$ cat entry_18.pdb   # PDB, C-alpha atoms and all ligand atoms
ATOM      1  CA  MET A   1     -12.570  11.665 -13.519
ATOM      2  CA  GLY A   2     -15.165   8.983 -12.852
ATOM      3  CA  PRO A   3     -16.925   8.274  -9.582
ATOM      4  CA  LEU A   4     -15.383   6.193  -6.818
ATOM      5  CA  ARG A   5     -16.324   2.566  -7.282
ATOM      6  CA  GLN A   6     -16.813   1.486  -3.711
ATOM      7  CA  ARG A   7     -19.098  -1.498  -3.453
ATOM      8  CA  ARG A   8     -22.171  -1.249  -1.312
ATOM      9  CA  ASN A   9     -24.248  -4.056   0.085
ATOM     10  CA  GLN A  10     -28.018  -4.305  -0.290
ATOM     11  CA  ALA A  11     -28.619  -1.946   2.626
ATOM     12  CA  GLY A  12     -26.519   0.644   0.778
ATOM     13  CA  LYS A  13     -23.636   0.367   3.242
ATOM     14  CA  MET A  14     -20.017   0.136   2.179
ATOM     15  CA  THR A  15     -18.780  -3.438   2.103
ATOM     16  CA  GLU A  16     -16.007  -3.942   4.628
ATOM     17  CA  LYS A  17     -12.791  -5.242   3.103
ATOM     18  CA  ILE A  18     -10.403  -5.227   6.066
ATOM     19  CA  ARG A  19     -11.070  -5.204   9.789
ATOM     20  CA  LEU A  20      -8.280  -4.818  12.318
ATOM     21  CA  SER A  21      -9.450  -5.479  15.881
ATOM     22  CA  ASP A  22      -7.149  -4.454  18.726
ATOM     23  CA  ILE A  23      -3.958  -5.476  16.965
ATOM     24  CA  SER A  24      -0.762  -5.495  18.959
ATOM     25  CA  LYS A  25       2.698  -6.657  17.964
ATOM     26  CA  VAL A  26       5.592  -7.209  20.329
ATOM     27  CA  PHE A  27       8.922  -8.254  18.828
ATOM     28  CA  LYS A  28      11.369 -10.295  20.883
ATOM     29  CA  LEU A  29      14.816  -8.742  20.688
ATOM     30  CA  SER A  30      18.149 -10.167  21.753
ATOM     31  CA  GLY A  31      18.496 -11.054  25.446
ATOM     32  CA  ARG A  32      15.194 -10.559  27.243
ATOM     33  CA  LYS A  33      14.346  -7.294  25.543
ATOM     34  CA  ARG A  34      11.041  -6.658  23.826
ATOM     35  CA  LYS A  35       9.848  -4.029  21.375
ATOM     36  CA  ALA A  36       6.149  -3.169  21.376
ATOM     37  CA  ALA A  37       5.729  -1.998  17.771
ATOM     38  CA  LEU A  38       1.915  -1.785  17.683
ATOM     39  CA  GLY A  39      -0.765  -1.611  20.362
ATOM     40  CA  GLY A  40      -4.558  -1.420  20.172
ATOM     41  CA  VAL A  41      -4.792  -0.796  16.421
ATOM     42  CA  ARG A  42      -8.398  -0.710  15.242
ATOM     43  CA  LEU A  43      -9.262   0.028  11.636
ATOM     44  CA  SER A  44     -12.008  -0.755   9.178
ATOM     45  CA  VAL A  45     -11.305  -0.366   5.463
ATOM     46  CA  SER A  46     -14.156  -0.411   2.927
ATOM     47  CA  GLU A  47     -13.927  -2.091  -0.437
ATOM     48  CA  GLY A  48     -12.548   0.373  -2.989
ATOM     49  CA  ASP A  49     -10.956   2.605  -0.322
ATOM     50  CA  PHE A  50      -7.507   4.067  -0.896
ATOM     51  CA  VAL A  51      -6.247   4.273   2.662
ATOM     52  CA  VAL A  52      -2.931   5.976   3.249
ATOM     53  CA  VAL A  53      -1.173   5.149   6.511
ATOM     54  CA  LEU A  54       1.049   8.077   7.412
ATOM     55  CA  GLY A  55       3.616   8.186  10.190
ATOM     56  CA  ARG A  56       7.228   8.786  11.075
ATOM     57  CA  SER A  57       9.938   6.219  10.471
ATOM     58  CA  GLY A  58       9.734   3.336  12.945
ATOM     59  CA  CYS A  59       6.114   3.921  14.049
ATOM     60  CA  GLY A  60       5.007   0.469  12.863
ATOM     61  CA  LYS A  61       3.664   1.100   9.350
ATOM     62  CA  SER A  62       5.449  -1.830   7.678
ATOM     63  CA  THR A  63       4.593  -4.113  10.582
ATOM     64  CA  LEU A  64       0.925  -3.233  10.139
ATOM     65  CA  LEU A  65       0.991  -3.978   6.390
ATOM     66  CA  ASN A  66       2.831  -7.256   6.977
ATOM     67  CA  ILE A  67       0.142  -8.291   9.441
ATOM     68  CA  VAL A  68      -2.643  -7.532   6.921
ATOM     69  CA  ALA A  69      -0.684  -9.462   4.268
ATOM     70  CA  GLY A  70      -0.475 -12.480   6.590
ATOM     71  CA  MET A  71       3.344 -12.375   6.550
ATOM     72  CA  VAL A  72       3.651 -11.580  10.262
ATOM     73  CA  PRO A  73       1.204 -12.772  12.943
ATOM     74  CA  PRO A  74      -0.051 -10.200  15.454
ATOM     75  CA  THR A  75       0.808 -10.841  19.110
ATOM     76  CA  SER A  76      -2.842 -10.221  19.969
ATOM     77  CA  GLY A  77      -5.951  -9.078  18.155
ATOM     78  CA  GLU A  78      -7.513 -10.170  14.915
ATOM     79  CA  VAL A  79      -7.238  -9.241  11.283
ATOM     80  CA  ALA A  80      -9.938 -10.192   8.816
ATOM     81  CA  VAL A  81     -10.118  -9.669   5.057
ATOM     82  CA  ASP A  82     -13.517 -10.181   3.418
ATOM     83  CA  GLY A  83     -14.734 -11.435   6.799
ATOM     84  CA  ALA A  84     -12.205 -14.288   7.016
ATOM     85  CA  ALA A  85      -9.356 -14.357   9.526
ATOM     86  CA  VAL A  86      -5.947 -13.769   7.922
ATOM     87  CA  GLU A  87      -3.607 -16.584   8.895
ATOM     88  CA  HIS A  88      -1.150 -16.742   6.012
ATOM     89  CA  PRO A  89      -0.237 -14.896   2.797
ATOM     90  CA  ASP A  90      -2.644 -15.227  -0.127
ATOM     91  CA  PRO A  91      -2.232 -14.286  -3.806
ATOM     92  CA  SER A  92      -5.388 -12.128  -3.619
ATOM     93  CA  ARG A  93      -3.507  -9.773  -1.266
ATOM     94  CA  ILE A  94      -0.406  -8.418  -2.949
ATOM     95  CA  LEU A  95       2.274  -6.809  -0.817
ATOM     96  CA  LEU A  96       4.666  -4.456  -2.584
ATOM     97  CA  THR A  97       7.623  -3.907  -0.289
ATOM     98  CA  GLN A  98      10.226  -1.145  -0.369
ATOM     99  CA  GLN A  99      12.689  -3.688  -1.749
ATOM    100  CA  PRO A 100      11.717  -4.773  -5.283
ATOM    101  CA  MET A 101      11.626  -8.567  -5.578
ATOM    102  CA  LEU A 102      12.038  -9.808  -9.131
ATOM    103  CA  LEU A 103      13.451 -13.039 -10.498
ATOM    104  CA  PRO A 104      16.942 -11.988 -11.641
ATOM    105  CA  TRP A 105      17.251 -14.549 -14.451
ATOM    106  CA  LEU A 106      13.990 -13.560 -16.170
ATOM    107  CA  THR A 107      13.546 -10.517 -18.404
ATOM    108  CA  VAL A 108      11.301  -7.666 -17.345
ATOM    109  CA  LEU A 109       8.510  -8.943 -19.626
ATOM    110  CA  GLU A 110       8.835 -12.507 -18.307
ATOM    111  CA  ASN A 111       8.786 -11.251 -14.725
ATOM    112  CA  VAL A 112       5.541  -9.347 -15.311
ATOM    113  CA  ALA A 113       3.937 -12.378 -16.990
ATOM    114  CA  PHE A 114       5.285 -14.876 -14.443
ATOM    115  CA  GLY A 115       2.399 -15.063 -11.930
ATOM    116  CA  CYS A 116      -0.311 -15.337 -14.599
ATOM    117  CA  LYS A 117       1.726 -17.980 -16.448
ATOM    118  CA  LEU A 118       2.013 -20.046 -13.249
ATOM    119  CA  ARG A 119      -1.744 -19.861 -12.740
ATOM    120  CA  GLY A 120      -2.344 -20.915 -16.362
ATOM    121  CA  GLU A 121      -3.882 -17.527 -17.306
ATOM    122  CA  THR A 122      -2.047 -17.533 -20.608
ATOM    123  CA  ASP A 123      -4.484 -15.745 -22.983
ATOM    124  CA  HIS A 124      -2.641 -12.840 -24.627
ATOM    125  CA  LEU A 125      -0.101 -13.231 -21.831
ATOM    126  CA  LEU A 126       2.756 -11.238 -23.327
ATOM    127  CA  SER A 127       0.602  -8.502 -24.854
ATOM    128  CA  ARG A 128      -1.110  -8.000 -21.472
ATOM    129  CA  ALA A 129       2.292  -7.845 -19.776
ATOM    130  CA  ARG A 130       3.461  -5.245 -22.337
ATOM    131  CA  ARG A 131       0.349  -3.175 -21.682
ATOM    132  CA  TRP A 132       0.983  -3.131 -17.924
ATOM    133  CA  LEU A 133       4.588  -2.141 -18.528
ATOM    134  CA  GLU A 134       3.355   0.796 -20.611
ATOM    135  CA  ARG A 135       1.048   1.854 -17.804
ATOM    136  CA  VAL A 136       3.909   2.047 -15.319
ATOM    137  CA  HIS A 137       6.009   3.914 -17.926
ATOM    138  CA  MET A 138       8.420   1.042 -18.542
ATOM    139  CA  ALA A 139       7.771   0.449 -22.256
ATOM    140  CA  GLY A 140      11.025  -0.205 -24.101
ATOM    141  CA  HIS A 141      12.572  -2.167 -21.223
ATOM    142  CA  GLU A 142      10.835  -5.505 -21.884
ATOM    143  CA  SER A 143      14.026  -7.423 -22.662
ATOM    144  CA  TYR A 144      16.142  -6.015 -19.816
ATOM    145  CA  LEU A 145      17.139  -8.153 -16.845
ATOM    146  CA  PRO A 146      16.220  -6.748 -13.388
ATOM    147  CA  GLY A 147      19.907  -6.237 -12.531
ATOM    148  CA  GLU A 148      20.180  -3.822 -15.467
ATOM    149  CA  LEU A 149      17.519  -1.490 -14.022
ATOM    150  CA  SER A 150      17.567   1.156 -11.304
ATOM    151  CA  LEU A 151      15.711   0.413  -8.060
ATOM    152  CA  GLY A 152      12.869   2.736  -9.025
ATOM    153  CA  MET A 153      12.503   0.977 -12.395
ATOM    154  CA  GLN A 154      12.495  -2.431 -10.690
ATOM    155  CA  GLN A 155       9.795  -1.151  -8.362
ATOM    156  CA  ARG A 156       7.654  -0.164 -11.362
ATOM    157  CA  VAL A 157       8.093  -3.655 -12.844
ATOM    158  CA  CYS A 158       6.911  -5.109  -9.516
ATOM    159  CA  LEU A 159       3.851  -2.850  -9.686
ATOM    160  CA  ALA A 160       3.087  -4.008 -13.251
ATOM    161  CA  ARG A 161       3.430  -7.648 -12.170
ATOM    162  CA  ALA A 162       1.136  -7.032  -9.192
ATOM    163  CA  LEU A 163      -1.541  -5.312 -11.284
ATOM    164  CA  MET A 164      -1.368  -7.921 -14.049
ATOM    165  CA  GLY A 165      -2.771 -10.438 -11.547
ATOM    166  CA  HIS A 166      -5.818  -8.198 -10.837
ATOM    167  CA  PRO A 167      -5.466  -8.384  -7.041
ATOM    168  CA  ASP A 168      -8.458  -7.146  -5.088
ATOM    169  CA  LEU A 169      -6.231  -5.843  -2.301
ATOM    170  CA  LEU A 170      -2.932  -4.085  -2.877
ATOM    171  CA  LEU A 171      -0.697  -3.366   0.118
ATOM    172  CA  MET A 172       1.970  -0.840  -0.819
ATOM    173  CA  ASP A 173       4.907  -0.101   1.493
ATOM    174  CA  GLU A 174       6.473   3.215   0.430
ATOM    175  CA  PRO A 175       6.556   1.921  -3.144
ATOM    176  CA  PHE A 176       7.566   5.176  -4.804
ATOM    177  CA  GLY A 177      10.243   6.259  -2.327
ATOM    178  CA  ALA A 178      13.101   5.630  -4.776
ATOM    179  CA  LEU A 179      11.511   7.499  -7.691
ATOM    180  CA  ASP A 180      12.212  10.998  -9.002
ATOM    181  CA  THR A 181       9.444  13.608  -8.579
ATOM    182  CA  PHE A 182       8.231  13.398 -12.197
ATOM    183  CA  THR A 183       7.977   9.608 -12.396
ATOM    184  CA  ARG A 184       6.401   9.561  -8.966
ATOM    185  CA  SER A 185       3.706  12.011  -9.991
ATOM    186  CA  ARG A 186       2.992  10.061 -13.214
ATOM    187  CA  LEU A 187       2.614   6.892 -11.160
ATOM    188  CA  HIS A 188       0.297   8.703  -8.763
ATOM    189  CA  GLU A 189      -1.924   9.528 -11.750
ATOM    190  CA  GLU A 190      -1.765   5.913 -12.898
ATOM    191  CA  MET A 191      -2.680   4.575  -9.443
ATOM    192  CA  VAL A 192      -5.674   6.900  -9.309
ATOM    193  CA  ARG A 193      -6.772   5.753 -12.781
ATOM    194  CA  ILE A 194      -6.366   2.063 -11.934
ATOM    195  CA  ARG A 195      -8.362   2.497  -8.779
ATOM    196  CA  GLN A 196     -11.168   4.239 -10.666
ATOM    197  CA  GLU A 197     -11.279   1.527 -13.335
ATOM    198  CA  THR A 198     -11.340  -1.383 -10.895
ATOM    199  CA  ASP A 199     -12.713  -2.293  -7.471
ATOM    200  CA  ILE A 200      -9.229  -2.596  -6.026
ATOM    201  CA  THR A 201      -8.728  -1.659  -2.381
ATOM    202  CA  VAL A 202      -5.369  -0.089  -1.585
ATOM    203  CA  VAL A 203      -3.545   0.367   1.703
ATOM    204  CA  PHE A 204      -0.572   2.594   1.017
ATOM    205  CA  VAL A 205       2.138   3.375   3.553
ATOM    206  CA  THR A 206       4.174   6.551   3.340
ATOM    207  CA  HIS A 207       5.822   9.209   5.470
ATOM    208  CA  ASP A 208       5.251  11.809   2.736
ATOM    209  CA  LEU A 209       2.287  14.029   3.576
ATOM    210  CA  ASP A 210       1.982  15.442   0.026
ATOM    211  CA  GLU A 211       1.831  11.906  -1.385
ATOM    212  CA  ALA A 212      -0.853  11.013   1.162
ATOM    213  CA  LEU A 213      -2.949  14.026   0.153
ATOM    214  CA  ALA A 214      -2.497  13.305  -3.577
ATOM    215  CA  LEU A 215      -3.701   9.708  -3.304
ATOM    216  CA  GLY A 216      -5.777   8.875  -0.266
ATOM    217  CA  SER A 217      -9.522   8.635   0.068
ATOM    218  CA  ARG A 218      -8.646   8.370   3.761
ATOM    219  CA  VAL A 219      -5.502   9.304   5.613
ATOM    220  CA  VAL A 220      -4.768   7.450   8.836
ATOM    221  CA  LEU A 221      -2.100   8.785  11.205
ATOM    222  CA  LEU A 222      -0.094   6.117  12.959
ATOM    223  CA  GLY A 223       2.061   7.163  15.891
ATOM    224  CA  GLY A 224       2.832   6.832  19.567
ATOM    225  CA  GLU A 225       4.586   4.088  21.500
ATOM    226  CA  PRO A 226       3.477   1.463  20.796
ATOM    227  CA  GLY A 227       2.132   2.583  17.417
ATOM    228  CA  HIS A 228      -1.616   3.111  17.219
ATOM    229  CA  ILE A 229      -4.059   5.078  15.105
ATOM    230  CA  MET A 230      -4.104   8.628  16.364
ATOM    231  CA  GLU A 231      -6.414  10.261  13.867
ATOM    232  CA  GLU A 232      -8.307   9.541  10.663
ATOM    233  CA  TYR A 233      -9.160  12.032   7.939
ATOM    234  CA  ALA A 234     -11.684  11.435   5.140
ATOM    235  CA  LEU A 235     -10.463  12.996   1.908
ATOM    236  CA  ASP A 236     -13.406  13.258  -0.416
ATOM    237  CA  ARG A 237     -11.721  15.383  -3.121
ATOM    238  CA  ALA A 238     -11.791  14.749  -6.861
ATOM    239  CA  TYR A 239      -8.686  13.579  -8.739
ATOM    240  CA  PRO A 240      -6.291  14.768 -10.000
ATOM    241  CA  ARG A 241      -5.746  16.787  -6.881
ATOM    242  CA  ASP A 242      -4.417  20.300  -6.886
ATOM    243  CA  PRO A 243      -2.045  20.920  -3.954
ATOM    244  CA  ALA A 244      -3.309  24.544  -3.990
ATOM    245  CA  ASP A 245      -6.890  23.332  -3.246
ATOM    246  CA  PRO A 246      -7.809  25.256  -0.038
ATOM    247  CA  VAL A 247      -9.417  22.126   1.491
ATOM    248  CA  LEU A 248      -6.214  20.115   0.985
ATOM    249  CA  ARG A 249      -4.081  22.954   2.311
ATOM    250  CA  GLU A 250      -6.223  23.178   5.402
ATOM    251  CA  MET A 251      -5.981  19.444   5.946
ATOM    252  CA  LYS A 252      -2.227  19.544   5.451
ATOM    253  CA  GLY A 253      -1.984  22.232   8.138
ATOM    254  CA  ALA A 254      -4.197  20.214  10.510
ATOM    255  CA  ILE A 255      -2.144  17.030  10.018
ATOM    256  CA  MET A 256       1.160  18.858  10.537
ATOM    257  CA  GLU A 257      -0.224  20.423  13.707
ATOM    258  CA  ARG A 258      -1.337  17.008  14.963
ATOM    259  CA  PHE A 259       2.144  15.608  14.335
ATOM    260  CA  GLN A 260       3.728  18.512  16.194
ATOM    261  CA  GLU A 261       1.307  18.206  19.146
ATOM    262  CA  GLU A 262       2.309  14.600  19.585
ATOM    263  CA  GLY A 263       6.006  15.320  19.078
ATOM    264  CA  LEU A 264       5.987  12.964  16.076
TER     265      LEU A 264
HETATM  266  N1  LIG B 301      11.521  -8.299  12.865
HETATM  267  C1  LIG B 301      11.679  -7.358  13.803
HETATM  268  N2  LIG B 301      12.333  -7.638  14.945
HETATM  269  C2  LIG B 301      12.489  -6.723  15.909
HETATM  270  N3  LIG B 301      11.997  -5.475  15.837
HETATM  271  C3  LIG B 301      11.347  -5.114  14.721
HETATM  272  C4  LIG B 301      11.150  -6.042  13.645
HETATM  273  N4  LIG B 301      10.451  -5.422  12.670
HETATM  274  C5  LIG B 301      10.226  -4.158  13.099
HETATM  275  N5  LIG B 301      10.759  -3.987  14.341
HETATM  276  C6  LIG B 301      10.684  -2.760  15.146
HETATM  277  O1  LIG B 301       9.323  -2.358  15.195
HETATM  278  C7  LIG B 301       9.221  -0.939  15.066
HETATM  279  C8  LIG B 301       8.335  -0.623  13.874
HETATM  280  O2  LIG B 301       9.028  -1.003  12.677
HETATM  281  P1  LIG B 301       8.384  -0.797  11.226
HETATM  282  O3  LIG B 301       9.360  -1.291  10.223
HETATM  283  O4  LIG B 301       7.026  -1.384  11.215
HETATM  284  O5  LIG B 301       8.281   0.804  11.150
HETATM  285  P2  LIG B 301       7.946   1.749   9.903
HETATM  286  O6  LIG B 301       6.988   2.777  10.403
HETATM  287  O7  LIG B 301       7.526   0.951   8.736
HETATM  288  O8  LIG B 301       9.371   2.412   9.625
HETATM  289  P3  LIG B 301       9.971   2.982   8.219
HETATM  290  O9  LIG B 301       9.095   4.139   7.796
HETATM  291  O10 LIG B 301      11.347   3.443   8.624
HETATM  292  O11 LIG B 301      10.001   1.863   7.226
HETATM  293  C9  LIG B 301      10.642  -0.409  14.936
HETATM  294  O12 LIG B 301      11.063   0.035  16.204
HETATM  295  C10 LIG B 301      11.444  -1.611  14.514
HETATM  296  O13 LIG B 301      12.762  -1.549  15.011
END

$ encode --input "entry_18.pdb" --output "structure tokens" --more "lines below"
Ligand SMILES: Nc1ncnc2c1ncn2[C@@H]1O[C@H](COP(=O)(O)OP(=O)(O)OP(=O)(O)O)[C@@H](O)[C@H]1O
Amino acid sequence: MGPLRQRRNQAGKMTEKIRLSDISKVFKLSGRKRKAALGGVRLSVSEGDFVVVLGRSGCGKSTLLNIVAGMVPPTSGEVAVDGAAVEHPDPSRILLTQQPMLLPWLTVLENVAFGCKLRGETDHLLSRARRWLERVHMAGHESYLPGELSLGMQQRVCLARALMGHPDLLLMDEPFGALDTFTRSRLHEEMVRIRQETDITVVFVTHDLDEALALGSRVVLLGGEPGHIMEEYALDRAYPRDPADPVLREMKGAIMERFQEEGL
């Protein structure tokens, strides 16, 4: 597999894509109750990184992604993408949520082509959409309506639509949770390939340690109350990754131990 395509500036340093500075998020609940979901989150993500945020259910992973996407404002702290403060959603930052969101009256092919059509990027529109459907292993379903597909299939159509727009930042919230093991592992391979062919930066949320080790160039553990970054691991291993690789096995053991220490 080819080299990682992280961009460097003239001084040879990685270009920073995302900076989270002391992010906290407190939700107001019913009555006078409050829920502190995140506290003191600091993270710097380089361009071309594939950062996996790993943590137990409810530790604040989705909240963190929503903040980076500009869907939810932090209670305090700052989030910047490409050096500019994030204040609202932007088409250059695509958020893929756990719940696939497709237009129910359009076919699969039309859904994939929809964003590019709206932006007037109509050259070879349908053949490009077909190609992306092939890459997410959905060829043959072009004329289906979303309601005729399983959740996992709808999720793959959402991924094709996202990639068709060539986003430079992809925020993925447990996107492959509804998929069977075989489809999931094929999509892992495809994600790795896409990342190597482009300069895309990915922040990928999961609670599956094996998925984190298969995909991440960095694994970030989120935990505690309120949620904060407890540990970061650099994962400089070639793709495709072999789960029997002694380095990965050692890291898996270390991460599990860290989770147990913290009672996560
Ligand atoms: N809109 C909201 N209003 C109130 N509380 C919320 C809201 N969104 C999230 N929370 C709370 O914030 C905490 C973190 O939620 P979040 O969805 O970010 O966790 P998560 O790690 O993504 O969980 P999961 O893995 O189960 O999806 C939870 O305790 C949740 O109940």

$ closest_atom_pairs --input "entry_18.pdb" --of "chain A" --to "ligand LIG 301 (chain B)" --cutoff "12 Å" --atoms "all atoms listed in the file" --output "CSV"
residue,atom,partner,partner_atom,distance
A:Ser24,CA,B:LIG301,O1,11.2
A:Lys25,CA,B:LIG301,O1,8.4
A:Val26,CA,B:LIG301,O1,8.0
A:Phe27,CA,B:LIG301,C2,4.9
A:Lys28,CA,B:LIG301,C2,6.2
A:Leu29,CA,B:LIG301,C2,5.7
A:Ser30,CA,B:LIG301,C2,8.8
A:Lys33,CA,B:LIG301,C2,9.8
A:Arg34,CA,B:LIG301,C2,8.0
A:Lys35,CA,B:LIG301,N3,6.1
A:Ala36,CA,B:LIG301,O1,7.0
A:Ala37,CA,B:LIG301,O1,4.4
A:Leu38,CA,B:LIG301,C8,7.6
A:Gly39,CA,B:LIG301,C8,11.2
A:Val53,CA,B:LIG301,O6,9.3
A:Leu54,CA,B:LIG301,O6,8.5
A:Gly55,CA,B:LIG301,O6,6.4
A:Arg56,CA,B:LIG301,O9,6.0
A:Ser57,CA,B:LIG301,O9,3.5
A:Gly58,CA,B:LIG301,O5,3.4
A:Cys59,CA,B:LIG301,O6,3.9
A:Gly60,CA,B:LIG301,O4,3.2
A:Lys61,CA,B:LIG301,O6,3.9
A:Ser62,CA,B:LIG301,O7,3.6
A:Thr63,CA,B:LIG301,O4,3.7
A:Leu64,CA,B:LIG301,O4,6.5
A:Leu65,CA,B:LIG301,O4,8.2
A:Asn66,CA,B:LIG301,O4,8.4
A:Ile67,CA,B:LIG301,O4,9.9
A:Met71,CA,B:LIG301,N1,11.1
A:Val72,CA,B:LIG301,N1,8.9
A:Pro73,CA,B:LIG301,N1,11.2
A:Pro74,CA,B:LIG301,N4,11.9
A:Thr97,CA,B:LIG301,O11,9.8
A:Gln98,CA,B:LIG301,O11,8.2
A:Gln99,CA,B:LIG301,O11,10.9
A:Met172,CA,B:LIG301,O7,11.2
A:Asp173,CA,B:LIG301,O7,7.8
A:Glu174,CA,B:LIG301,O11,7.8
A:Pro175,CA,B:LIG301,O11,10.9
A:Gly177,CA,B:LIG301,O9,10.4
A:Phe204,CA,B:LIG301,O7,11.3
A:Val205,CA,B:LIG301,O7,7.9
A:Thr206,CA,B:LIG301,O9,7.1
A:His207,CA,B:LIG301,O9,6.5
A:Asp208,CA,B:LIG301,O9,10.0
A:Leu221,CA,B:LIG301,O6,10.9
A:Leu222,CA,B:LIG301,O6,8.2
A:Gly223,CA,B:LIG301,O6,8.6
A:Gly224,CA,B:LIG301,O6,10.8
A:Glu225,CA,B:LIG301,O12,9.3
A:Pro226,CA,B:LIG301,C7,8.5
A:Gly227,CA,B:LIG301,C8,7.8
A:His228,CA,B:LIG301,O6,11.0
A:Leu264,CA,B:LIG301,O6,11.7

$ write_last_selection --input "entry_18.pdb" --atoms "C-alpha atoms" --output "PDB file, keeping the file's coordinate frame"
ATOM      1  CA  SER A  24      -0.762  -5.495  18.959  1.00  0.00           C
ATOM      2  CA  LYS A  25       2.698  -6.657  17.964  1.00  0.00           C
ATOM      3  CA  VAL A  26       5.592  -7.209  20.329  1.00  0.00           C
ATOM      4  CA  PHE A  27       8.922  -8.254  18.828  1.00  0.00           C
ATOM      5  CA  LYS A  28      11.369 -10.295  20.883  1.00  0.00           C
ATOM      6  CA  LEU A  29      14.816  -8.742  20.688  1.00  0.00           C
ATOM      7  CA  SER A  30      18.149 -10.167  21.753  1.00  0.00           C
ATOM      8  CA  LYS A  33      14.346  -7.294  25.543  1.00  0.00           C
ATOM      9  CA  ARG A  34      11.041  -6.658  23.826  1.00  0.00           C
ATOM     10  CA  LYS A  35       9.848  -4.029  21.375  1.00  0.00           C
ATOM     11  CA  ALA A  36       6.149  -3.169  21.376  1.00  0.00           C
ATOM     12  CA  ALA A  37       5.729  -1.998  17.771  1.00  0.00           C
ATOM     13  CA  LEU A  38       1.915  -1.785  17.683  1.00  0.00           C
ATOM     14  CA  GLY A  39      -0.765  -1.611  20.362  1.00  0.00           C
ATOM     15  CA  VAL A  53      -1.173   5.149   6.511  1.00  0.00           C
ATOM     16  CA  LEU A  54       1.049   8.077   7.412  1.00  0.00           C
ATOM     17  CA  GLY A  55       3.616   8.186  10.190  1.00  0.00           C
ATOM     18  CA  ARG A  56       7.228   8.786  11.075  1.00  0.00           C
ATOM     19  CA  SER A  57       9.938   6.219  10.471  1.00  0.00           C
ATOM     20  CA  GLY A  58       9.734   3.336  12.945  1.00  0.00           C
ATOM     21  CA  CYS A  59       6.114   3.921  14.049  1.00  0.00           C
ATOM     22  CA  GLY A  60       5.007   0.469  12.863  1.00  0.00           C
ATOM     23  CA  LYS A  61       3.664   1.100   9.350  1.00  0.00           C
ATOM     24  CA  SER A  62       5.449  -1.830   7.678  1.00  0.00           C
ATOM     25  CA  THR A  63       4.593  -4.113  10.582  1.00  0.00           C
ATOM     26  CA  LEU A  64       0.925  -3.233  10.139  1.00  0.00           C
ATOM     27  CA  LEU A  65       0.991  -3.978   6.390  1.00  0.00           C
ATOM     28  CA  ASN A  66       2.831  -7.256   6.977  1.00  0.00           C
ATOM     29  CA  ILE A  67       0.142  -8.291   9.441  1.00  0.00           C
ATOM     30  CA  MET A  71       3.344 -12.375   6.550  1.00  0.00           C
ATOM     31  CA  VAL A  72       3.651 -11.580  10.262  1.00  0.00           C
ATOM     32  CA  PRO A  73       1.204 -12.772  12.943  1.00  0.00           C
ATOM     33  CA  PRO A  74      -0.051 -10.200  15.454  1.00  0.00           C
ATOM     34  CA  THR A  97       7.623  -3.907  -0.289  1.00  0.00           C
ATOM     35  CA  GLN A  98      10.226  -1.145  -0.369  1.00  0.00           C
ATOM     36  CA  GLN A  99      12.689  -3.688  -1.749  1.00  0.00           C
ATOM     37  CA  MET A 172       1.970  -0.840  -0.819  1.00  0.00           C
ATOM     38  CA  ASP A 173       4.907  -0.101   1.493  1.00  0.00           C
ATOM     39  CA  GLU A 174       6.473   3.215   0.430  1.00  0.00           C
ATOM     40  CA  PRO A 175       6.556   1.921  -3.144  1.00  0.00           C
ATOM     41  CA  GLY A 177      10.243   6.259  -2.327  1.00  0.00           C
ATOM     42  CA  PHE A 204      -0.572   2.594   1.017  1.00  0.00           C
ATOM     43  CA  VAL A 205       2.138   3.375   3.553  1.00  0.00           C
ATOM     44  CA  THR A 206       4.174   6.551   3.340  1.00  0.00           C
ATOM     45  CA  HIS A 207       5.822   9.209   5.470  1.00  0.00           C
ATOM     46  CA  ASP A 208       5.251  11.809   2.736  1.00  0.00           C
ATOM     47  CA  LEU A 221      -2.100   8.785  11.205  1.00  0.00           C
ATOM     48  CA  LEU A 222      -0.094   6.117  12.959  1.00  0.00           C
ATOM     49  CA  GLY A 223       2.061   7.163  15.891  1.00  0.00           C
ATOM     50  CA  GLY A 224       2.832   6.832  19.567  1.00  0.00           C
ATOM     51  CA  GLU A 225       4.586   4.088  21.500  1.00  0.00           C
ATOM     52  CA  PRO A 226       3.477   1.463  20.796  1.00  0.00           C
ATOM     53  CA  GLY A 227       2.132   2.583  17.417  1.00  0.00           C
ATOM     54  CA  HIS A 228      -1.616   3.111  17.219  1.00  0.00           C
ATOM     55  CA  LEU A 264       5.987  12.964  16.076  1.00  0.00           C
TER      56      LEU A 264
END

$ atom_distance --input "entry_18.pdb" --atom1 "atom CA of A:Ala178" --atom2 "atom CA of A:Leu248"
24.8 Å

$ residues_around --input "entry_18.pdb" --residues "A:Arg42" --least-positions-apart "4" --cutoff "7 Å" --atoms "only C-alpha atoms" --output "PyMOL selection string"
chain A and resi 20-23

$ axis_aligned_box --input "entry_18.pdb" --around "stretch 240-255 of chain A" --padding-each-side "6 Å" --output "lines of an AutoDock Vina configuration file"
center_x = -5.7
center_y = 20.0
center_z = 0.3
size_x = 19.4
size_y = 22.5
size_z = 32.5

$ resolve_selection --input "entry_18.pdb" --expression "the PyMOL selection byres (((chain A and resi 112) around 10) and not hetatm)" --output "NGL selection string"
:A and (102-103 or 106-111 or 113-117 or 125-126 or 128-130 or 132-133 or 142 or 157-165)

$ resolve_selection --input "entry_18.pdb" --expression "the PyMOL selection byres (((chain A and resi 167-169) around 7) and not hetatm)" --output "ChimeraX atom specification"
/A:92-94,163,165-166,170-171,199-202

$ atom_distance --input "entry_18.pdb" --atom1 "atom CA of A:Val52" --atom2 "atom CA of A:Ile229"
11.9 Å

$ atom_distance --input "entry_18.pdb" --atom1 "atom CA of A:Ala84" --atom2 "atom CA of A:Gly70"
11.9 Å

$ resolve_selection --input "entry_18.pdb" --expression "the PyMOL selection byres (((chain A and resi 252) around 12) and not hetatm)" --output "ChimeraX atom specification"
/A:208-214,219,233,235,243-251,253-259
